$ cat work-v2.txt   # compact mmCIF, C-alpha atoms
# COMPACT_ATOMS: atom_id res chain seq x y z
CA MET P 282 44.52 -19.91 40.11
CA ARG P 283 43.95 -18.86 36.49
CA SER P 284 41.22 -16.48 37.63
CA LEU P 285 43.59 -14.87 40.12
CA LEU P 286 46.35 -14.48 37.49
CA LEU P 287 43.86 -13.00 35.04
CA ALA P 288 42.59 -10.53 37.64
CA ALA P 289 46.16 -9.47 38.49
CA LEU P 290 47.01 -8.98 34.81
CA ILE P 291 43.90 -6.84 34.28
CA ALA P 292 44.81 -4.71 37.31
CA ILE P 293 48.36 -4.17 36.03
CA LEU P 294 47.11 -3.21 32.57
CA GLY P 295 44.54 -0.88 34.08
CA ASN P 296 47.18 0.93 36.14
CA SER P 297 49.43 1.25 33.11
CA VAL P 298 46.63 2.83 31.06
CA ALA P 299 45.78 5.20 33.89
CA LEU P 300 49.41 6.32 34.17
CA ALA P 301 49.67 6.82 30.44
CA GLN P 302 46.51 8.91 30.40
CA ARG P 303 47.70 11.02 33.30
CA GLY P 304 51.02 11.78 31.60
CA PRO P 305 53.93 13.54 33.35
CA GLU P 306 53.21 14.50 36.94
CA ARG P 307 52.14 18.13 37.23
CA ASN P 308 51.81 20.67 40.02
CA VAL P 309 55.02 19.50 41.67
CA ALA P 310 57.03 22.19 43.45
CA GLY P 311 60.21 23.07 41.55
CA LYS P 312 59.27 21.14 38.40
CA PHE P 313 58.56 23.65 35.64
CA ASP P 314 60.24 25.01 32.50
CA TYR P 315 60.56 28.78 32.89
CA TYR P 316 59.33 31.89 34.68
CA SER P 317 56.96 34.54 33.35
CA LEU P 318 57.46 37.90 35.08
CA VAL P 319 54.05 39.61 34.95
CA MET P 320 53.97 43.40 35.20
CA SER P 321 50.53 45.01 35.27
CA TRP P 322 49.64 48.52 34.12
CA SER P 323 48.09 49.85 37.33
CA PRO P 324 45.77 52.51 35.78
CA THR P 325 44.05 49.86 33.65
CA TYR P 326 43.49 47.60 36.65
CA CYS P 327 42.08 50.52 38.64
CA ALA P 328 39.67 51.56 35.89
CA ALA P 329 38.48 47.98 35.34
CA GLU P 330 38.08 46.71 38.89
CA GLY P 331 40.39 48.39 41.40
CA ASP P 332 38.12 51.40 41.93
CA ARG P 333 35.14 49.14 42.57
CA ARG P 334 37.16 47.27 45.18
CA ARG P 335 38.39 50.54 46.71
CA ASP P 336 41.90 49.22 46.34
CA PRO P 337 44.44 51.58 48.02
CA GLN P 338 46.64 51.07 44.95
CA CYS P 339 44.18 53.21 42.98
CA ARG P 340 44.27 56.29 45.17
CA PRO P 341 45.94 59.29 43.47
CA ARG P 342 49.47 59.91 44.73
CA LYS P 343 51.70 62.99 44.79
CA GLU P 344 54.92 61.01 44.53
CA ARG P 345 55.64 57.80 42.63
CA PRO P 346 52.16 57.16 41.25
CA TYR P 347 51.74 53.54 40.25
CA ALA P 348 52.43 52.70 36.60
CA PHE P 349 53.87 49.22 35.92
CA VAL P 350 53.65 47.18 39.10
CA LEU P 351 54.58 43.59 39.82
CA HIS P 352 51.63 41.24 39.45
CA GLY P 353 53.63 38.07 39.99
CA LEU P 354 56.38 35.65 38.99
CA TRP P 355 54.75 32.59 37.44
CA PRO P 356 56.42 29.18 37.00
CA GLN P 357 55.33 27.92 33.57
CA TYR P 358 55.43 24.75 31.53
CA GLU P 359 56.12 25.12 27.82
CA ARG P 360 52.37 24.62 27.55
CA GLY P 361 50.22 25.30 30.57
CA PHE P 362 51.36 26.00 34.11
CA PRO P 363 51.43 24.50 37.60
CA ASN P 364 49.51 26.06 40.46
CA ASN P 365 48.80 25.57 44.16
CA CYS P 366 51.62 23.05 44.59
CA ARG P 367 51.96 21.08 47.81
CA ILE P 368 55.02 22.07 49.81
CA GLY P 369 54.52 20.10 53.03
CA ARG P 370 53.68 23.19 55.08
CA ARG P 371 51.21 26.04 55.14
CA PRO P 372 52.10 28.58 52.41
CA PHE P 373 52.44 31.41 54.93
CA VAL P 374 53.98 34.75 53.87
CA PRO P 375 55.48 36.63 56.86
CA GLN P 376 54.36 40.24 57.38
CA LYS P 377 57.98 41.39 57.10
CA ILE P 378 58.15 40.09 53.51
CA ILE P 379 54.77 41.61 52.66
CA ASN P 380 55.88 45.02 53.92
CA ALA P 381 59.10 44.81 51.90
CA MET P 382 57.20 44.17 48.64
CA LEU P 383 54.47 46.81 48.86
CA ASP P 384 56.44 49.45 46.94
CA ILE P 385 56.33 47.40 43.73
CA MET P 386 53.43 45.06 44.49
CA PRO P 387 50.93 47.36 46.25
CA SER P 388 48.43 44.83 47.57
CA ARG P 389 48.80 42.68 50.66
CA GLY P 390 46.11 40.30 49.40
CA LEU P 391 47.83 39.90 46.03
CA ILE P 392 51.20 39.13 47.64
CA ILE P 393 49.67 36.36 49.74
CA HIS P 394 47.63 35.01 46.81
CA GLU P 395 50.58 34.94 44.41
CA TYR P 396 52.73 32.86 46.74
CA LYS P 397 49.93 30.37 47.38
CA LYS P 398 49.06 29.93 43.72
CA HIS P 399 52.41 30.42 41.95
CA GLY P 400 55.19 30.74 44.51
CA THR P 401 54.54 27.31 45.97
CA CYS P 402 55.35 25.83 42.55
CA SER P 403 58.72 27.57 42.36
CA GLY P 404 60.23 25.34 45.02
CA LEU P 405 61.36 28.48 46.86
CA THR P 406 60.55 29.83 50.31
CA PRO P 407 58.56 33.09 50.44
CA ALA P 408 61.77 35.03 51.12
CA GLN P 409 63.56 33.41 48.17
CA TYR P 410 60.56 33.72 45.87
CA TYR P 411 59.99 37.40 46.53
CA GLY P 412 63.72 38.08 46.49
CA ALA P 413 63.85 36.60 42.98
CA SER P 414 60.68 38.48 41.99
CA ARG P 415 62.17 41.84 42.97
CA LYS P 416 65.49 41.07 41.30
CA LEU P 417 63.81 40.27 37.97
CA PHE P 418 61.40 43.20 38.27
CA ASP P 419 64.31 45.58 38.85
CA PHE P 420 66.26 43.98 36.00
CA ILE P 421 63.72 45.13 33.40
CA LYS P 422 64.14 48.80 32.53
CA ILE P 423 60.98 50.76 31.75
CA PRO P 424 60.90 53.06 28.70
CA GLU P 425 60.62 56.73 29.64
CA ARG P 426 57.09 57.22 28.29
CA PHE P 427 55.75 54.48 30.58
CA ILE P 428 57.41 55.54 33.83
CA ALA P 429 54.76 58.06 34.97
CA PRO P 430 52.75 59.41 32.02
CA GLU P 431 50.37 62.25 32.89
CA LYS P 432 48.48 62.04 29.59
CA GLU P 433 46.71 59.18 27.85
CA GLN P 434 48.59 57.44 25.03
CA PHE P 435 48.04 54.95 22.26
CA VAL P 436 50.61 52.33 21.30
CA THR P 437 50.78 49.22 19.13
CA VAL P 438 52.09 45.90 20.42
CA ARG P 439 55.03 46.14 18.05
CA GLU P 440 55.90 49.67 19.22
CA LEU P 441 55.75 48.68 22.87
CA LYS P 442 58.01 45.68 22.30
CA ARG P 443 60.42 47.82 20.30
CA GLU P 444 60.61 50.46 23.03
CA PHE P 445 61.26 47.86 25.73
CA ALA P 446 63.99 46.31 23.55
CA ARG P 447 65.59 49.72 23.09
CA VAL P 448 66.22 50.08 26.84
CA ASN P 449 66.76 46.32 27.37
CA PRO P 450 69.06 45.33 24.45
CA ALA P 451 69.02 41.61 25.34
CA LEU P 452 65.22 41.48 25.17
CA LYS P 453 64.03 39.91 21.91
CA PRO P 454 60.41 40.03 20.60
CA ASP P 455 59.80 36.36 21.47
CA MET P 456 60.84 36.98 25.09
CA ILE P 457 57.96 39.34 25.88
CA GLY P 458 54.19 39.09 25.61
CA VAL P 459 51.79 42.05 25.70
CA VAL P 460 48.28 41.67 27.10
CA CYS P 461 45.40 44.03 26.37
CA ARG P 462 41.93 44.09 27.85
CA ARG P 463 39.19 43.78 25.28
CA GLY P 464 36.54 46.45 25.38
CA GLY P 465 37.05 49.92 26.79
CA GLY P 466 39.44 50.82 23.99
CA ASN P 467 41.68 47.74 24.19
CA ARG P 468 43.58 49.05 27.18
CA LEU P 469 47.13 47.94 27.93
CA ARG P 470 46.73 45.40 30.71
CA GLU P 471 50.14 43.87 31.37
CA ILE P 472 53.41 42.64 29.91
CA ARG P 473 55.01 39.26 30.52
CA VAL P 474 58.78 38.77 30.29
CA CYS P 475 60.21 35.25 30.23
CA PHE P 476 63.24 34.02 32.19
CA THR P 477 65.02 30.75 32.79
CA LYS P 478 65.02 29.28 36.28
CA ARG P 479 68.42 30.94 36.74
CA GLY P 480 67.07 34.36 35.88
CA ARG P 481 68.28 34.75 32.30
CA LEU P 482 66.06 36.07 29.53
CA ARG P 483 64.69 33.35 27.25
CA ALA P 484 62.03 32.82 24.60
CA CYS P 485 58.53 32.38 25.98
CA GLY P 486 56.42 29.25 25.66
CA SER P 487 52.94 28.85 24.22
CA ASN P 488 51.38 30.58 27.24
CA GLU P 489 52.62 33.93 25.91
CA ASN P 490 51.47 33.38 22.33
CA GLN P 491 50.94 36.97 21.22
CA ARG P 492 47.91 36.20 19.09
CA ARG P 493 46.10 35.00 22.21
CA LEU P 494 47.26 37.83 24.46
CA CYS P 495 46.36 40.80 22.29
CA ARG P 496 45.29 41.26 18.68
CA ALA P 497 44.46 44.95 18.91
CA ASP P 498 45.89 47.27 16.26
CA LYS P 499 46.45 49.88 18.98
CA MET P 500 46.14 49.86 22.75
CA PHE P 501 44.92 52.67 24.94
CA VAL P 502 47.32 53.49 27.80
CA PRO P 503 45.53 55.44 30.56
CA PRO P 504 47.69 57.90 32.53
CA VAL P 505 48.89 57.36 36.08
CA ARG P 506 46.95 58.89 38.94
CA TYR P 507 48.56 61.98 40.42
CA SER P 508 47.01 63.88 43.30
CA ARG P 509 47.18 67.64 42.91

$ encode --input "work-v2.txt" --output "structure tokens"
Amino acid sequence: MRSLLLAALIAILGNSVALAQRGPERNVAGKFDYYSLVMSWSPTYCAAEGDRRRDPQCRPRKERPYAFVLHGLWPQYERGFPNNCRIGRRPFVPQKIINAMLDIMPSRGLIIHEYKKHGTCSGLTPAQYYGASRKLFDFIKIPERFIAPEKEQFVTVRELKREFARVNPALKPDMIGVVCRRGGGNRLREIRVCFTKRGRLRACGSNENQRRLCRADKMFVPPVRYSR
């Protein structure tokens, strides 16, 4: 009897230790702290890898050449992030939703990937998730010099943040992160703007620590791709 009681006690203690080591449950749909709206600078992506992949996004265009495009809407923890959450069904994105997003998110594969990896953790259906993504993308106004620049530019992180704040008065420096790609002139790669679950601007968490995202004194901003 004593042996059985001792074995049970050891099992209970072992489970308690395992739970303590595992900490709060992660990768649970709908359980996260805030959103990071990720907007990529399309010319940098094309120069780095899009051309190699022959991505249609990188073809020169006469009208509305791609500048800032939507990369994704990422549920975040204050430190770290969930991904590939289980939702009890296949994370299928209907073609109708894909077609509706291509003007701001010009890659069918990316749209599908982003819902599987990040959208499933939002607790939203594909229609709700991409509806929220478009709403937040449209909410952020783009400074004039970044709408469709025909010439290359150089900009500091501080200048870029200041220019975005000028056209988005509620946007504070700690609500936006700027990412640059090392090598190749420290090109502007993307910006990340942080929102609450209800879609209000908020300070970012440790994931958008600016020292980690870009330490360049100046970033190179390649021009958009017009066809002549």

$ atom_distance --input "work-v2.txt" --atom1 "CA of Tyr316 in chain P" --atom2 "CA of Arg483 in chain P"
9.3 Å

$ residues_around --input "work-v2.txt" --residues "range 429-441 of chain P" --least-positions-apart "4" --cutoff "8 Å" --atoms "all atoms listed in the file" --output "MDAnalysis selection string"
chainID P and resid 345:348 445 459 495 497:507

$ atom_distance --input "work-v2.txt" --atom1 "CA of Cys402 in chain P" --atom2 "CA of Val460 in chain P"
23.2 Å

$ residues_around --input "work-v2.txt" --residues "Arg481 in chain P" --least-positions-apart "5" --cutoff "12 Å" --atoms "all atoms listed in the file" --output "list in words"
Tyr315, Tyr316, Ser317, Leu318, Ala413, Lys416, Leu417, Phe420, Ile421, Ala451, Leu452, Met456, Val474, Cys475 and Phe476 of chain P

$ closest_residue --input "work-v2.txt" --among "P:Lys397, P:Arg468, P:Arg370, P:Arg473" --to "Cys485 in chain P" --atoms "all atoms listed in the file"
P:Arg473

$ atom_distance --input "work-v2.txt" --atom1 "CA of Asn467 in chain P" --atom2 "CA of Ala329 in chain P"
11.6 Å

$ residues_around --input "work-v2.txt" --residues "Lys398 in chain P" --least-positions-apart "2" --cutoff "9 Å" --atoms "all atoms listed in the file" --output "list of chain:residue names"
P:Trp355, P:Pro363, P:Asn364, P:Asn365, P:Cys366, P:Ile393, P:His394, P:Glu395, P:Tyr396, P:Gly400, P:Thr401, P:Cys402

$ closest_residue --input "work-v2.txt" --among "P:Ile428, P:Cys461, P:Leu391, P:Leu354" --to "Gln491 in chain P" --atoms "all atoms listed in the file"
P:Cys461

$ axis_aligned_box --input "work-v2.txt" --around "range 356-359 of chain P" --padding-each-side "8 Å" --output "lines of an AutoDock Vina configuration file"
center_x = 55.9
center_y = 27.0
center_z = 32.4
size_x = 17.1
size_y = 20.4
size_z = 25.2

$ closest_atom_pairs --input "work-v2.txt" --of "range 321-359 of chain P" --to "range 306-313 of chain P" --cutoff "7 Å" --atoms "all atoms listed in the file" --output "CSV"
residue,atom,partner,partner_atom,distance
P:Pro356,CA,P:Phe313,CA,6.1
P:Gln357,CA,P:Phe313,CA,5.7
P:Tyr358,CA,P:Phe313,CA,5.3

$ closest_residue --input "work-v2.txt" --among "P:Lys478, P:Arg333, P:Arg447, P:His399" --to "Gly353 in chain P" --atoms "only C-alpha atoms"
P:His399

$ closest_residue --input "work-v2.txt" --among "P:Lys343, P:Ile385, P:Ile392, P:Val448" --to "Tyr410 in chain P" --atoms "all atoms listed in the file"
P:Ile392

$ decode --input "work-v2.txt" --residues "range 393-428 of chain P" --atoms "N, CA, C and O atoms" --output "short mmCIF file (atom, residue, chain, number, x, y, z; two decimals), in the first residue's frame"
data_model
loop_
_atom_site.label_atom_id
_atom_site.label_comp_id
_atom_site.auth_asym_id
_atom_site.auth_seq_id
_atom_site.Cartn_x
_atom_site.Cartn_y
_atom_site.Cartn_z
N ILE P 393 -2.41 32.26 -48.76
CA ILE P 393 -2.71 30.95 -48.17
C ILE P 393 -1.78 30.67 -46.99
O ILE P 393 -2.21 30.24 -45.92
N HIS P 394 -0.49 30.94 -47.17
CA HIS P 394 0.51 30.70 -46.12
C HIS P 394 0.22 31.53 -44.87
O HIS P 394 0.31 31.01 -43.75
N GLU P 395 -0.11 32.81 -45.06
CA GLU P 395 -0.32 33.69 -43.91
C GLU P 395 -1.51 33.25 -43.07
O GLU P 395 -1.48 33.37 -41.84
N TYR P 396 -2.56 32.75 -43.71
CA TYR P 396 -3.69 32.29 -42.89
C TYR P 396 -3.32 31.03 -42.12
O TYR P 396 -3.65 30.90 -40.94
N LYS P 397 -2.61 30.11 -42.77
CA LYS P 397 -2.22 28.88 -42.08
C LYS P 397 -1.33 29.16 -40.88
O LYS P 397 -1.54 28.61 -39.79
N LYS P 398 -0.33 30.02 -41.08
CA LYS P 398 0.64 30.24 -40.02
C LYS P 398 0.16 31.24 -38.98
O LYS P 398 0.33 31.02 -37.77
N HIS P 399 -0.43 32.35 -39.41
CA HIS P 399 -0.80 33.42 -38.48
C HIS P 399 -2.32 33.57 -38.29
O HIS P 399 -2.79 33.77 -37.17
N GLY P 400 -3.05 33.48 -39.38
CA GLY P 400 -4.50 33.68 -39.29
C GLY P 400 -5.20 32.68 -38.40
O GLY P 400 -6.17 33.02 -37.70
N THR P 401 -4.71 31.45 -38.39
CA THR P 401 -5.34 30.43 -37.55
C THR P 401 -5.24 30.80 -36.07
O THR P 401 -6.09 30.38 -35.27
N CYS P 402 -4.23 31.58 -35.71
CA CYS P 402 -4.05 31.96 -34.31
C CYS P 402 -4.88 33.18 -33.91
O CYS P 402 -4.95 33.52 -32.73
N SER P 403 -5.50 33.82 -34.89
CA SER P 403 -6.33 34.99 -34.59
C SER P 403 -7.68 34.61 -34.00
O SER P 403 -8.34 35.43 -33.37
N GLY P 404 -8.10 33.37 -34.23
CA GLY P 404 -9.43 32.95 -33.81
C GLY P 404 -10.51 33.38 -34.78
O GLY P 404 -11.70 33.23 -34.50
N LEU P 405 -10.10 33.90 -35.95
CA LEU P 405 -11.04 34.40 -36.95
C LEU P 405 -11.12 33.45 -38.14
O LEU P 405 -10.18 32.71 -38.43
N THR P 406 -12.24 33.49 -38.84
CA THR P 406 -12.35 32.76 -40.10
C THR P 406 -11.52 33.48 -41.15
O THR P 406 -11.13 34.64 -40.96
N PRO P 407 -11.22 32.83 -42.29
CA PRO P 407 -10.48 33.53 -43.34
C PRO P 407 -11.13 34.85 -43.76
O PRO P 407 -10.43 35.86 -43.95
N ALA P 408 -12.45 34.86 -43.89
CA ALA P 408 -13.14 36.09 -44.30
C ALA P 408 -12.96 37.18 -43.24
O ALA P 408 -12.71 38.36 -43.58
N GLN P 409 -13.09 36.83 -41.98
CA GLN P 409 -12.92 37.81 -40.90
C GLN P 409 -11.48 38.28 -40.80
O GLN P 409 -11.21 39.47 -40.64
N TYR P 410 -10.56 37.34 -40.93
CA TYR P 410 -9.14 37.67 -40.80
C TYR P 410 -8.68 38.61 -41.91
O TYR P 410 -8.02 39.63 -41.65
N TYR P 411 -9.05 38.30 -43.13
CA TYR P 411 -8.63 39.17 -44.23
C TYR P 411 -9.44 40.45 -44.31
O TYR P 411 -8.95 41.46 -44.81
N GLY P 412 -10.65 40.42 -43.77
CA GLY P 412 -11.41 41.67 -43.65
C GLY P 412 -10.72 42.62 -42.68
O GLY P 412 -10.57 43.82 -42.94
N ALA P 413 -10.26 42.07 -41.54
CA ALA P 413 -9.54 42.88 -40.55
C ALA P 413 -8.20 43.34 -41.11
O ALA P 413 -7.77 44.49 -40.89
N SER P 414 -7.52 42.47 -41.86
CA SER P 414 -6.22 42.81 -42.45
C SER P 414 -6.36 44.00 -43.39
O SER P 414 -5.56 44.95 -43.34
N ARG P 415 -7.35 43.97 -44.26
CA ARG P 415 -7.56 45.09 -45.19
C ARG P 415 -7.92 46.37 -44.46
O ARG P 415 -7.43 47.45 -44.79
N LYS P 416 -8.78 46.26 -43.46
CA LYS P 416 -9.21 47.43 -42.72
C LYS P 416 -8.01 48.13 -42.08
O LYS P 416 -7.88 49.36 -42.14
N LEU P 417 -7.12 47.36 -41.45
CA LEU P 417 -5.95 47.95 -40.79
C LEU P 417 -4.94 48.45 -41.81
O LEU P 417 -4.30 49.49 -41.60
N PHE P 418 -4.78 47.74 -42.92
CA PHE P 418 -3.88 48.19 -43.98
C PHE P 418 -4.36 49.53 -44.54
O PHE P 418 -3.56 50.45 -44.75
N ASP P 419 -5.65 49.65 -44.79
CA ASP P 419 -6.21 50.90 -45.32
C ASP P 419 -6.17 52.02 -44.29
O ASP P 419 -6.15 53.21 -44.65
N PHE P 420 -6.18 51.66 -43.02
CA PHE P 420 -6.17 52.67 -41.94
C PHE P 420 -4.86 53.45 -41.93
O PHE P 420 -4.84 54.65 -41.63
N ILE P 421 -3.76 52.78 -42.24
CA ILE P 421 -2.45 53.43 -42.21
C ILE P 421 -2.21 54.22 -43.50
O ILE P 421 -2.19 53.65 -44.59
N LYS P 422 -2.05 55.52 -43.36
CA LYS P 422 -1.77 56.37 -44.52
C LYS P 422 -0.28 56.31 -44.84
O LYS P 422 0.56 56.27 -43.94
N ILE P 423 0.03 56.32 -46.12
CA ILE P 423 1.42 56.24 -46.58
C ILE P 423 1.93 57.63 -46.93
O ILE P 423 1.27 58.36 -47.69
N PRO P 424 3.10 58.03 -46.42
CA PRO P 424 3.66 59.33 -46.80
C PRO P 424 3.87 59.42 -48.30
O PRO P 424 4.17 58.42 -48.97
N GLU P 425 3.72 60.60 -48.83
CA GLU P 425 3.77 60.82 -50.28
C GLU P 425 5.01 60.22 -50.94
O GLU P 425 4.92 59.60 -51.99
N ARG P 426 6.17 60.38 -50.33
CA ARG P 426 7.41 59.93 -50.98
C ARG P 426 7.53 58.42 -51.09
O ARG P 426 8.39 57.91 -51.83
N PHE P 427 6.64 57.68 -50.38
CA PHE P 427 6.69 56.23 -50.43
C PHE P 427 5.51 55.62 -51.20
O PHE P 427 5.35 54.40 -51.21
N ILE P 428 4.70 56.45 -51.82
CA ILE P 428 3.53 55.91 -52.53
C ILE P 428 3.94 55.23 -53.84
O ILE P 428 3.54 54.10 -54.11
#
